[in-house]
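S.K.: The following file, my_file36.cif, comprises mmCIF, C-alpha atoms:
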data_start
#
loop_
_atom_site.group_PDB
_atom_site.id
_atom_site.type_symbol
_atom_site.label_atom_id
_atom_site.label_comp_id
_atom_site.auth_asym_id
_atom_site.auth_seq_id
_atom_site.Cartn_x
_atom_site.Cartn_y
_atom_site.Cartn_z
ATOM 1 C CA MET G 1 -327.654 81.835 17.412
ATOM 2 C CA LYS G 2 -324.387 83.694 17.982
ATOM 3 C CA THR G 3 -322.344 82.798 21.074
ATOM 4 C CA PHE G 4 -320.574 86.176 21.348
ATOM 5 C CA ASP G 5 -321.557 89.800 20.832
ATOM 6 C CA VAL G 6 -317.949 90.608 19.971
ATOM 7 C CA ILE G 7 -314.607 88.884 19.565
ATOM 8 C CA SER G 8 -311.711 91.285 20.097
ATOM 9 C CA ILE G 9 -308.424 90.361 18.409
ATOM 10 C CA GLY G 10 -305.021 91.900 19.109
ATOM 11 C CA ALA G 11 -302.533 92.533 21.887
ATOM 12 C CA ALA G 12 -302.872 91.775 25.584
ATOM 13 C CA LEU G 13 -300.044 93.359 27.575
ATOM 14 C CA VAL G 14 -299.301 94.469 31.095
ATOM 15 C CA ASP G 15 -298.899 98.240 31.548
ATOM 16 C CA MET G 16 -296.490 99.725 34.075
ATOM 17 C CA ILE G 17 -297.694 103.297 34.597
ATOM 18 C CA ALA G 18 -295.286 105.791 36.165
ATOM 19 C CA SER G 19 -296.630 109.155 37.367
ATOM 20 C CA VAL G 20 -294.076 111.936 36.751
ATOM 21 C CA GLU G 21 -293.925 115.719 37.090
ATOM 22 C CA ARG G 22 -292.152 116.086 33.751
ATOM 23 C CA TYR G 23 -290.608 114.002 31.000
ATOM 24 C CA PRO G 24 -286.831 113.474 31.074
ATOM 25 C CA LEU G 25 -284.454 115.278 28.773
ATOM 26 C CA GLU G 26 -281.445 113.566 27.179
ATOM 27 C CA ASP G 27 -279.256 111.834 29.777
ATOM 28 C CA ASP G 28 -281.745 112.903 32.454
ATOM 29 C CA GLU G 29 -283.639 111.318 35.335
ATOM 30 C CA VAL G 30 -287.049 112.114 36.790
ATOM 31 C CA TYR G 31 -288.731 111.122 40.031
ATOM 32 C CA VAL G 32 -291.650 108.671 39.829
ATOM 33 C CA SER G 33 -294.267 109.571 42.433
ATOM 34 C CA ASP G 34 -296.476 106.537 41.811
ATOM 35 C CA LEU G 35 -296.137 103.244 39.914
ATOM 36 C CA LYS G 36 -299.039 100.970 39.008
ATOM 37 C CA VAL G 37 -299.073 97.612 37.221
ATOM 38 C CA ILE G 38 -302.273 97.181 35.194
ATOM 39 C CA SER G 39 -303.399 94.809 32.459
ATOM 40 C CA GLY G 40 -303.525 96.564 29.081
ATOM 41 C CA GLY G 41 -303.122 96.298 25.335
ATOM 42 C CA ALA G 42 -305.620 98.056 23.068
ATOM 43 C CA ALA G 43 -307.655 95.030 21.979
ATOM 44 C CA ALA G 44 -307.591 93.601 25.496
ATOM 45 C CA ASN G 45 -308.748 96.925 26.964
ATOM 46 C CA THR G 46 -311.650 97.042 24.528
ATOM 47 C CA ALA G 47 -312.579 93.433 25.321
ATOM 48 C CA TYR G 48 -312.510 94.224 29.056
ATOM 49 C CA ALA G 49 -314.669 97.332 28.579
ATOM 50 C CA CYS G 50 -317.157 95.487 26.355
ATOM 51 C CA ALA G 51 -317.555 92.741 28.954
ATOM 52 C CA LYS G 52 -318.016 95.286 31.737
ATOM 53 C CA LEU G 53 -320.739 96.919 29.655
ATOM 54 C CA GLY G 54 -322.540 93.585 29.622
ATOM 55 C CA LEU G 55 -321.589 92.266 26.188
ATOM 56 C CA ASN G 56 -320.790 88.593 25.785
ATOM 57 C CA THR G 57 -317.131 89.044 24.855
ATOM 58 C CA ALA G 58 -314.246 86.809 23.815
ATOM 59 C CA PHE G 59 -310.606 87.696 23.241
ATOM 60 C CA ILE G 60 -308.138 86.262 20.751
ATOM 61 C CA GLY G 61 -304.485 87.086 21.276
ATOM 62 C CA LYS G 62 -301.246 85.442 22.305
ATOM 63 C CA ILE G 63 -299.598 85.570 25.742
ATOM 64 C CA GLY G 64 -296.709 83.743 27.362
ATOM 65 C CA GLU G 65 -297.310 80.269 28.704
ATOM 66 C CA ASP G 66 -297.833 80.398 32.464
ATOM 67 C CA ASP G 67 -295.804 83.564 33.158
ATOM 68 C CA ALA G 68 -296.740 86.152 35.783
ATOM 69 C CA PHE G 69 -297.902 88.850 33.351
ATOM 70 C CA GLY G 70 -300.027 86.341 31.434
ATOM 71 C CA GLN G 71 -301.611 85.118 34.660
ATOM 72 C CA LYS G 72 -302.550 88.695 35.579
ATOM 73 C CA ILE G 73 -304.170 89.235 32.175
ATOM 74 C CA ILE G 74 -306.225 86.048 32.575
ATOM 75 C CA TYR G 75 -307.232 86.970 36.134
ATOM 76 C CA ASP G 76 -308.415 90.429 35.078
ATOM 77 C CA PHE G 77 -310.344 89.051 32.095
ATOM 78 C CA LYS G 78 -312.096 86.557 34.356
ATOM 79 C CA SER G 79 -313.074 89.364 36.762
ATOM 80 C CA VAL G 80 -315.447 90.785 34.113
ATOM 81 C CA SER G 81 -316.306 87.453 32.435
ATOM 82 C CA VAL G 82 -314.316 87.860 29.204
ATOM 83 C CA ASN G 83 -314.247 84.434 27.570
ATOM 84 C CA ILE G 84 -310.605 83.277 27.581
ATOM 85 C CA SER G 85 -311.033 79.950 25.781
ATOM 86 C CA LEU G 86 -309.810 81.381 22.455
ATOM 87 C CA ILE G 87 -306.541 82.848 23.829
ATOM 88 C CA LYS G 88 -303.348 81.378 22.347
ATOM 89 C CA HIS G 89 -300.082 80.729 24.223
ATOM 90 C CA SER G 90 -296.444 81.015 23.168
ATOM 91 C CA THR G 91 -293.823 78.632 24.504
ATOM 92 C CA LYS G 92 -291.011 80.792 23.076
ATOM 93 C CA VAL G 93 -291.814 84.392 24.035
ATOM 94 C CA GLY G 94 -293.195 85.873 27.245
ATOM 95 C CA THR G 95 -296.248 88.080 27.651
ATOM 96 C CA GLY G 96 -295.734 91.609 26.339
ATOM 97 C CA SER G 97 -295.584 94.768 28.418
ATOM 98 C CA ALA G 98 -295.836 98.527 28.003
ATOM 99 C CA TYR G 99 -294.018 101.210 29.970
ATOM 100 C CA VAL G 100 -296.072 104.371 30.360
ATOM 101 C CA ALA G 101 -294.871 107.731 31.688
ATOM 102 C CA LEU G 102 -297.825 109.904 32.698
ATOM 103 C CA ASN G 103 -297.470 113.604 33.554
ATOM 104 C CA LYS G 104 -299.714 115.760 35.759
ATOM 105 C CA THR G 105 -301.811 117.011 32.805
ATOM 106 C CA GLY G 106 -302.736 113.465 31.763
ATOM 107 C CA ASP G 107 -300.447 113.301 28.713
ATOM 108 C CA ARG G 108 -298.411 110.135 28.286
ATOM 109 C CA ARG G 109 -295.371 108.540 26.635
ATOM 110 C CA ILE G 110 -295.555 104.809 25.884
ATOM 111 C CA TYR G 111 -292.821 102.265 25.137
ATOM 112 C CA ALA G 112 -294.400 98.960 24.112
ATOM 113 C CA TYR G 113 -292.787 95.519 24.040
ATOM 114 C CA SER G 114 -295.210 93.310 22.138
ATOM 115 C CA GLY G 115 -293.664 90.021 23.276
ATOM 116 C CA ALA G 116 -295.929 87.056 22.628
ATOM 117 C CA ALA G 117 -298.702 89.341 21.317
ATOM 118 C CA ASN G 118 -296.869 89.865 18.043
ATOM 119 C CA GLU G 119 -296.419 86.093 17.660
ATOM 120 C CA LEU G 120 -300.120 85.740 16.844
ATOM 121 C CA SER G 121 -300.244 84.283 13.333
ATOM 122 C CA LYS G 122 -302.873 83.694 10.690
ATOM 123 C CA GLU G 123 -302.710 80.011 11.652
ATOM 124 C CA ASP G 124 -304.012 81.026 15.101
ATOM 125 C CA ILE G 125 -307.175 82.462 13.532
ATOM 126 C CA ASN G 126 -309.841 79.783 13.377
ATOM 127 C CA GLU G 127 -312.713 80.460 10.977
ATOM 128 C CA LYS G 128 -315.190 78.416 12.999
ATOM 129 C CA GLU G 129 -314.379 80.416 16.161
ATOM 130 C CA LEU G 130 -314.975 83.732 14.386
ATOM 131 C CA THR G 131 -318.377 82.713 13.056
ATOM 132 C CA LEU G 132 -319.595 82.532 16.670
ATOM 133 C CA SER G 133 -319.597 86.348 16.912
ATOM 134 C CA LYS G 134 -321.795 89.246 15.766
ATOM 135 C CA VAL G 135 -318.817 91.646 15.577
ATOM 136 C CA ILE G 136 -315.098 91.135 14.932
ATOM 137 C CA PHE G 137 -312.940 93.905 16.414
ATOM 138 C CA LEU G 138 -309.276 94.306 15.439
ATOM 139 C CA SER G 139 -306.768 96.615 17.115
ATOM 140 C CA SER G 140 -303.085 97.527 17.429
ATOM 141 C CA LEU G 141 -301.053 94.540 16.313
ATOM 142 C CA ARG G 142 -297.986 95.139 14.154
ATOM 143 C CA ASN G 143 -298.387 91.841 12.311
ATOM 144 C CA ILE G 144 -301.485 92.357 10.157
ATOM 145 C CA GLU G 145 -301.625 88.836 8.706
ATOM 146 C CA PRO G 146 -303.953 87.435 11.414
ATOM 147 C CA PHE G 147 -306.115 90.559 11.054
ATOM 148 C CA LEU G 148 -306.312 90.034 7.309
ATOM 149 C CA LYS G 149 -307.517 86.454 7.745
ATOM 150 C CA ALA G 150 -310.033 87.511 10.413
ATOM 151 C CA ALA G 151 -311.387 90.371 8.283
ATOM 152 C CA LYS G 152 -311.719 88.134 5.215
ATOM 153 C CA THR G 153 -313.586 85.567 7.302
ATOM 154 C CA ALA G 154 -315.893 88.267 8.654
ATOM 155 C CA ARG G 155 -316.660 89.460 5.120
ATOM 156 C CA GLU G 156 -317.362 85.905 3.897
ATOM 157 C CA HIS G 157 -319.797 85.283 6.763
ATOM 158 C CA ASN G 158 -321.478 88.714 6.761
ATOM 159 C CA ILE G 159 -320.054 89.623 10.192
ATOM 160 C CA CYS G 160 -319.368 93.293 10.929
ATOM 161 C CA SER G 161 -315.614 93.995 11.057
ATOM 162 C CA ILE G 162 -314.293 97.018 12.954
ATOM 163 C CA LEU G 163 -310.649 98.144 12.881
ATOM 164 C CA ASN G 164 -309.050 100.565 15.321
ATOM 165 C CA PRO G 165 -305.517 100.281 13.920
ATOM 166 C CA GLY G 166 -303.182 102.212 16.241
ATOM 167 C CA MET G 167 -299.810 103.548 15.160
ATOM 168 C CA LEU G 168 -298.200 100.090 14.916
ATOM 169 C CA ILE G 169 -300.363 99.492 11.863
ATOM 170 C CA ILE G 170 -300.642 103.065 10.581
ATOM 171 C CA GLU G 171 -296.873 103.595 10.372
ATOM 172 C CA GLN G 172 -296.650 100.725 7.860
ATOM 173 C CA GLY G 173 -298.181 103.033 5.263
ATOM 174 C CA PHE G 174 -301.392 103.218 3.258
ATOM 175 C CA ASP G 175 -300.212 101.016 0.398
ATOM 176 C CA LYS G 176 -299.350 98.106 2.679
ATOM 177 C CA ILE G 177 -302.408 98.213 4.913
ATOM 178 C CA SER G 178 -304.951 98.925 2.146
ATOM 179 C CA ARG G 179 -305.130 95.147 1.564
ATOM 180 C CA LEU G 180 -306.564 94.922 5.096
ATOM 181 C CA LEU G 181 -308.725 98.043 4.862
ATOM 182 C CA LYS G 182 -310.666 96.680 1.890
ATOM 183 C CA TYR G 183 -312.154 93.995 4.150
ATOM 184 C CA ILE G 184 -313.124 96.427 6.936
ATOM 185 C CA ASP G 185 -316.678 97.723 7.428
ATOM 186 C CA ILE G 186 -315.996 100.388 10.064
ATOM 187 C CA LEU G 187 -312.659 102.165 10.571
ATOM 188 C CA ILE G 188 -312.146 103.958 13.875
ATOM 189 C CA ILE G 189 -309.000 106.062 13.748
ATOM 190 C CA SER G 190 -307.559 108.941 15.752
ATOM 191 C CA LYS G 191 -306.898 112.330 14.191
ATOM 192 C CA ARG G 192 -303.136 111.802 14.533
ATOM 193 C CA GLU G 193 -303.322 108.354 12.963
ATOM 194 C CA TYR G 194 -305.421 109.650 10.083
ATOM 195 C CA CYS G 195 -303.009 112.495 9.350
ATOM 196 C CA CYS G 196 -300.056 110.081 9.424
ATOM 197 C CA LEU G 197 -301.833 107.591 7.146
ATOM 198 C CA MET G 198 -302.817 110.229 4.595
ATOM 199 C CA GLY G 199 -299.584 112.266 4.775
ATOM 200 C CA LEU G 200 -301.256 115.386 6.186
ATOM 201 C CA GLU G 201 -299.684 117.969 8.504
ATOM 202 C CA ASP G 202 -303.042 118.519 10.168
ATOM 203 C CA LEU G 203 -306.652 117.551 9.572
ATOM 204 C CA ASP G 204 -308.612 120.590 8.491
ATOM 205 C CA LEU G 205 -312.255 119.627 8.390
ATOM 206 C CA ASP G 206 -313.144 121.955 5.535
ATOM 207 C CA ALA G 207 -315.344 121.335 2.525
ATOM 208 C CA THR G 208 -312.462 120.081 0.376
ATOM 209 C CA VAL G 209 -311.404 117.464 2.915
ATOM 210 C CA LEU G 210 -315.000 116.384 3.439
ATOM 211 C CA LYS G 211 -315.326 115.785 -0.280
ATOM 212 C CA GLU G 212 -312.050 113.892 -0.670
ATOM 213 C CA ILE G 213 -312.054 111.672 2.415
ATOM 214 C CA PRO G 214 -315.163 109.564 1.647
ATOM 215 C CA LYS G 215 -313.969 108.831 -1.918
ATOM 216 C CA VAL G 216 -310.669 107.334 -0.743
ATOM 217 C CA PHE G 217 -312.303 104.998 1.729
ATOM 218 C CA GLN G 218 -315.437 104.332 -0.289
ATOM 219 C CA ASP G 219 -313.210 102.888 -3.012
ATOM 220 C CA LEU G 220 -311.931 100.397 -0.419
ATOM 221 C CA GLY G 221 -315.467 99.420 0.584
ATOM 222 C CA ILE G 222 -315.387 100.957 4.080
ATOM 223 C CA LEU G 223 -318.962 101.812 5.085
ATOM 224 C CA ALA G 224 -318.184 104.242 7.917
ATOM 225 C CA LEU G 225 -315.059 106.188 8.844
ATOM 226 C CA ILE G 226 -314.888 107.552 12.390
ATOM 227 C CA ILE G 227 -312.065 109.934 13.276
ATOM 228 C CA THR G 228 -311.735 110.471 17.025
ATOM 229 C CA LEU G 229 -310.822 114.051 17.917
ATOM 230 C CA GLY G 230 -310.081 113.870 21.654
ATOM 231 C CA SER G 231 -311.771 116.721 23.506
ATOM 232 C CA GLU G 232 -313.665 117.683 20.333
ATOM 233 C CA GLY G 233 -315.521 114.377 20.070
ATOM 234 C CA ALA G 234 -315.566 112.303 16.888
ATOM 235 C CA PHE G 235 -316.025 112.919 13.180
ATOM 236 C CA LEU G 236 -318.359 110.575 11.265
ATOM 237 C CA LEU G 237 -317.981 110.166 7.508
ATOM 238 C CA THR G 238 -319.841 107.954 5.074
ATOM 239 C CA CYS G 239 -320.055 108.136 1.289
ATOM 240 C CA SER G 240 -322.852 110.710 1.567
ATOM 241 C CA TYR G 241 -322.677 112.222 5.059
ATOM 242 C CA SER G 242 -320.328 113.904 7.517
ATOM 243 C CA LYS G 243 -320.801 115.309 10.998
ATOM 244 C CA ILE G 244 -318.819 116.053 14.165
ATOM 245 C CA ILE G 245 -320.341 114.373 17.231
ATOM 246 C CA PRO G 246 -319.390 116.390 20.363
ATOM 247 C CA PRO G 247 -318.355 114.631 23.590
ATOM 248 C CA ARG G 248 -319.750 115.004 27.096
ATOM 249 C CA LYS G 249 -318.001 117.685 29.128
ATOM 250 C CA VAL G 250 -315.447 116.546 31.713
ATOM 251 C CA ASP G 251 -314.463 118.560 34.787
ATOM 252 C CA LYS G 252 -310.979 117.073 35.072
ATOM 253 C CA VAL G 253 -308.883 114.823 32.836
ATOM 254 C CA VAL G 254 -306.765 112.464 34.955
ATOM 255 C CA ASP G 255 -305.337 110.089 32.339
ATOM 256 C CA THR G 256 -306.042 109.741 28.612
ATOM 257 C CA THR G 257 -304.582 106.213 28.489
ATOM 258 C CA GLY G 258 -307.118 103.868 26.922
ATOM 259 C CA ALA G 259 -309.578 106.572 25.860
ATOM 260 C CA GLY G 260 -309.618 105.291 22.283
ATOM 261 C CA ASP G 261 -310.077 101.701 23.455
ATOM 262 C CA ALA G 262 -312.991 102.803 25.654
ATOM 263 C CA PHE G 263 -314.543 104.695 22.740
ATOM 264 C CA SER G 264 -314.381 101.558 20.606
ATOM 265 C CA ALA G 265 -316.058 99.529 23.356
ATOM 266 C CA GLY G 266 -318.861 102.072 23.702
ATOM 267 C CA PHE G 267 -319.390 102.091 19.947
ATOM 268 C CA ILE G 268 -319.476 98.269 19.836
ATOM 269 C CA TYR G 269 -321.970 98.246 22.725
ATOM 270 C CA GLY G 270 -324.192 100.640 20.791
ATOM 271 C CA PHE G 271 -323.786 98.663 17.567
ATOM 272 C CA ASN G 272 -324.924 95.487 19.318
ATOM 273 C CA GLN G 273 -328.019 97.291 20.593
ATOM 274 C CA ASN G 274 -328.668 99.003 17.248
ATOM 275 C CA PRO G 275 -326.860 97.130 14.449
ATOM 276 C CA GLY G 276 -326.693 98.639 10.990
ATOM 277 C CA PHE G 277 -325.152 101.519 9.081
ATOM 278 C CA GLU G 278 -327.995 104.019 9.050
ATOM 279 C CA ILE G 279 -326.794 107.513 9.952
ATOM 280 C CA LYS G 280 -328.955 107.881 13.074
ATOM 281 C CA LYS G 281 -327.710 104.553 14.412
ATOM 282 C CA LEU G 282 -324.070 105.432 13.725
ATOM 283 C CA GLU G 283 -324.455 108.835 15.407
ATOM 284 C CA ARG G 284 -326.023 107.270 18.497
ATOM 285 C CA ASN G 285 -323.326 104.625 18.722
ATOM 286 C CA ILE G 286 -320.618 107.285 18.440
ATOM 287 C CA LYS G 287 -322.278 109.225 21.263
ATOM 288 C CA ILE G 288 -322.132 106.100 23.427
ATOM 289 C CA GLY G 289 -318.462 105.706 22.515
ATOM 290 C CA CYS G 290 -317.816 109.282 23.642
ATOM 291 C CA ILE G 291 -319.627 108.660 26.939
ATOM 292 C CA VAL G 292 -317.532 105.583 27.750
ATOM 293 C CA ALA G 293 -314.323 107.426 26.772
ATOM 294 C CA THR G 294 -315.116 110.387 29.041
ATOM 295 C CA CYS G 295 -315.715 107.984 31.927
ATOM 296 C CA CYS G 296 -312.338 106.372 31.249
ATOM 297 C CA ILE G 297 -310.238 109.570 31.260
ATOM 298 C CA GLN G 298 -311.452 110.621 34.696
ATOM 299 C CA SER G 299 -309.462 107.833 36.409
ATOM 300 C CA LEU G 300 -305.876 106.562 36.266
ATOM 301 C CA GLY G 301 -305.321 103.716 33.823
ATOM 302 C CA ALA G 302 -307.271 102.387 30.878
ATOM 303 C CA ARG G 303 -309.772 100.351 32.924
ATOM 304 C CA ASN G 304 -310.404 101.947 36.317
ATOM 305 C CA GLY G 305 -313.018 104.506 35.242
ATOM 306 C CA LEU G 306 -315.003 102.303 32.878
ATOM 307 C CA PRO G 307 -318.773 102.183 33.433
ATOM 308 C CA GLY G 308 -320.600 98.941 34.104
ATOM 309 C CA GLU G 309 -323.829 97.801 32.470
ATOM 310 C CA LYS G 310 -326.130 99.517 34.982
ATOM 311 C CA GLU G 311 -324.138 102.742 34.936
ATOM 312 C CA ILE G 312 -324.103 103.052 31.146
ATOM 313 C CA LYS G 313 -327.864 102.515 31.011
ATOM 314 C CA LYS G 314 -328.332 105.399 33.471
ATOM 315 C CA LEU G 315 -325.993 107.609 31.478
ATOM 316 C CA LEU G 316 -327.990 106.892 28.326
ATOM 317 C CA MET G 317 -331.334 107.837 29.874
#
What would the structure in this file look like if it were written as structure tokens?

M.R.:
Amino acid sequence: MKTFDVISIGAALVDMIASVERYPLEDDEVYVSDLKVISGGAAANTAYACAKLGLNTAFIGKIGEDDAFGQKIIYDFKSVSVNISLIKHSTKVGTGSAYVALNKTGDRRIYAYSGAANELSKEDINEKELTLSKVIFLSSLRNIEPFLKAAKTAREHNICSILNPGMLIIEQGFDKISRLLKYIDILIISKREYCCLMGLEDLDLDATVLKEIPKVFQDLGILALIITLGSEGAFLLTCSYSKIIPPRKVDKVVDTTGAGDAFSAGFIYGFNQNPGFEIKKLERNIKIGCIVATCCIQSLGARNGLPGEKEIKKLLM
């Protein structure tokens, strides 16, 4: 019997979100109309969202030892019953933070200080802890060594591994991160990240691309590639199938921060309800991911608009 539905591994930070009318030019200054301090970090956001959706969730990451930002992260995890017993602490580096400038159209600029998060090492990854989970989720940590150990462990124990890499991993280049990708079952990646990884100017979803994409990732052993397309939904590719899954319509986008993290949580929720790699199951789980993401972008911050367990069940009816 598994203890957890998902263990999310990666960064836990504190986000300082500044609302601005415009972004500054060189040697410029802009007025901040609102400033919020919110717990964040991609893997932590996904863990929070999974727990709010009713999944039994644990988080593995590193924060500072008894500093204010770390205490806030723990407090917010506890508020939705994320299991914090697997969190590691650094005595040398404080909890990381991200500085987010958000304009009136919902676009953002992010400056991230990883702090203790990037101190997570492969020695911090305990094989016995990972075997307690049905799903291992990895996201946005520059140091891929702990991810590599976690993904190898997942493969050895027949646990589904899902990677949502983020630019901190993508910018390291395909050759370097392919040693991680070959242990991943499901890759969730944004259109921008995919283009950067594959050296493309833009992603044209034509017949040629559809033919070439599955071969590259099939050779690595990835069972499903999901490219998130923002307002266009998500693109599902397997070795024999491809389809764009459209999103739910949204009247107003307030803030796109955390939309990808919310999508991952929705997909993981669906995967726990309907595990497996059959096309119909993958399509349904992507639809759930899109629903959770559209809820997220209608509120400020990565966590304020997330649906709870009862709400998501209503939305799926």

S.K.: Using only C-alpha atoms, determine which residues lie at most 7 Å from stretch 187-191 of chain G, disregarding the query and same-chain residues fewer than 4 positions distant; provide the list as a PyMOL selection string.

M.R.: chain G and resi 162-165+195+203+224-229

S.K.: (-312.4, 117.2, 31.0) in this file's frame - what residues fall within 10 Å of it? Use all atoms listed in the file and give the answer as an MDAnalysis selection string.

M.R.: chainID G and resid 231 247:254 294:295 297:298

S.K.: Name the residues within 12 Å of (-315.5, 88.7, 28.0), counting only C-alpha atoms in the file's coordinates, and put them as a VMD selection string.

M.R.: chain G and resid 3 to 8 43 to 60 74 to 87 265

S.K.: Suppose we keep C-alpha atoms; can you now write the selection as a CSV table (one decimal), in the frame of the given file?

M.R.:
chain,number,residue,atom,x,y,z
G,3,THR,CA,-322.3,82.8,21.1
G,4,PHE,CA,-320.6,86.2,21.3
G,5,ASP,CA,-321.6,89.8,20.8
G,6,VAL,CA,-317.9,90.6,20.0
G,7,ILE,CA,-314.6,88.9,19.6
G,8,SER,CA,-311.7,91.3,20.1
G,43,ALA,CA,-307.7,95.0,22.0
G,44,ALA,CA,-307.6,93.6,25.5
G,45,ASN,CA,-308.7,96.9,27.0
G,46,THR,CA,-311.6,97.0,24.5
G,47,ALA,CA,-312.6,93.4,25.3
G,48,TYR,CA,-312.5,94.2,29.1
G,49,ALA,CA,-314.7,97.3,28.6
G,50,CYS,CA,-317.2,95.5,26.4
G,51,ALA,CA,-317.6,92.7,29.0
G,52,LYS,CA,-318.0,95.3,31.7
G,53,LEU,CA,-320.7,96.9,29.7
G,54,GLY,CA,-322.5,93.6,29.6
G,55,LEU,CA,-321.6,92.3,26.2
G,56,ASN,CA,-320.8,88.6,25.8
G,57,THR,CA,-317.1,89.0,24.9
G,58,ALA,CA,-314.2,86.8,23.8
G,59,PHE,CA,-310.6,87.7,23.2
G,60,ILE,CA,-308.1,86.3,20.8
G,74,ILE,CA,-306.2,86.0,32.6
G,75,TYR,CA,-307.2,87.0,36.1
G,76,ASP,CA,-308.4,90.4,35.1
G,77,PHE,CA,-310.3,89.1,32.1
G,78,LYS,CA,-312.1,86.6,34.4
G,79,SER,CA,-313.1,89.4,36.8
G,80,VAL,CA,-315.4,90.8,34.1
G,81,SER,CA,-316.3,87.5,32.4
G,82,VAL,CA,-314.3,87.9,29.2
G,83,ASN,CA,-314.2,84.4,27.6
G,84,ILE,CA,-310.6,83.3,27.6
G,85,SER,CA,-311.0,80.0,25.8
G,86,LEU,CA,-309.8,81.4,22.5
G,87,ILE,CA,-306.5,82.8,23.8
G,265,ALA,CA,-316.1,99.5,23.4

S.K.: Could you tell me which residues the PyMOL selection byres ((chain G and resi 243) around 10) grabs in this file, written as a list in words?

M.R.: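 So the PyMOL selection byres ((chain G and resi 243) around 10) ends up selecting Leu205, Leu210, Ile226, Ala234, Phe235, Leu236, Leu237, Thr238, Tyr241, Ser242, Ile244, Ile245, Pro246, Ile279 and Glu283 of chain G.
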
S.K.: Using only C-alpha atoms, find the one residue out of G:Ser19, G:Ala116, G:Val14, G:Val93 that sits nearest to G:Gln71.

M.R.: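 Checking each of G:Ser19, G:Ala116, G:Val14, G:Val93 against G:Gln71, counting only C-alpha atoms, the winner is G:Val14.
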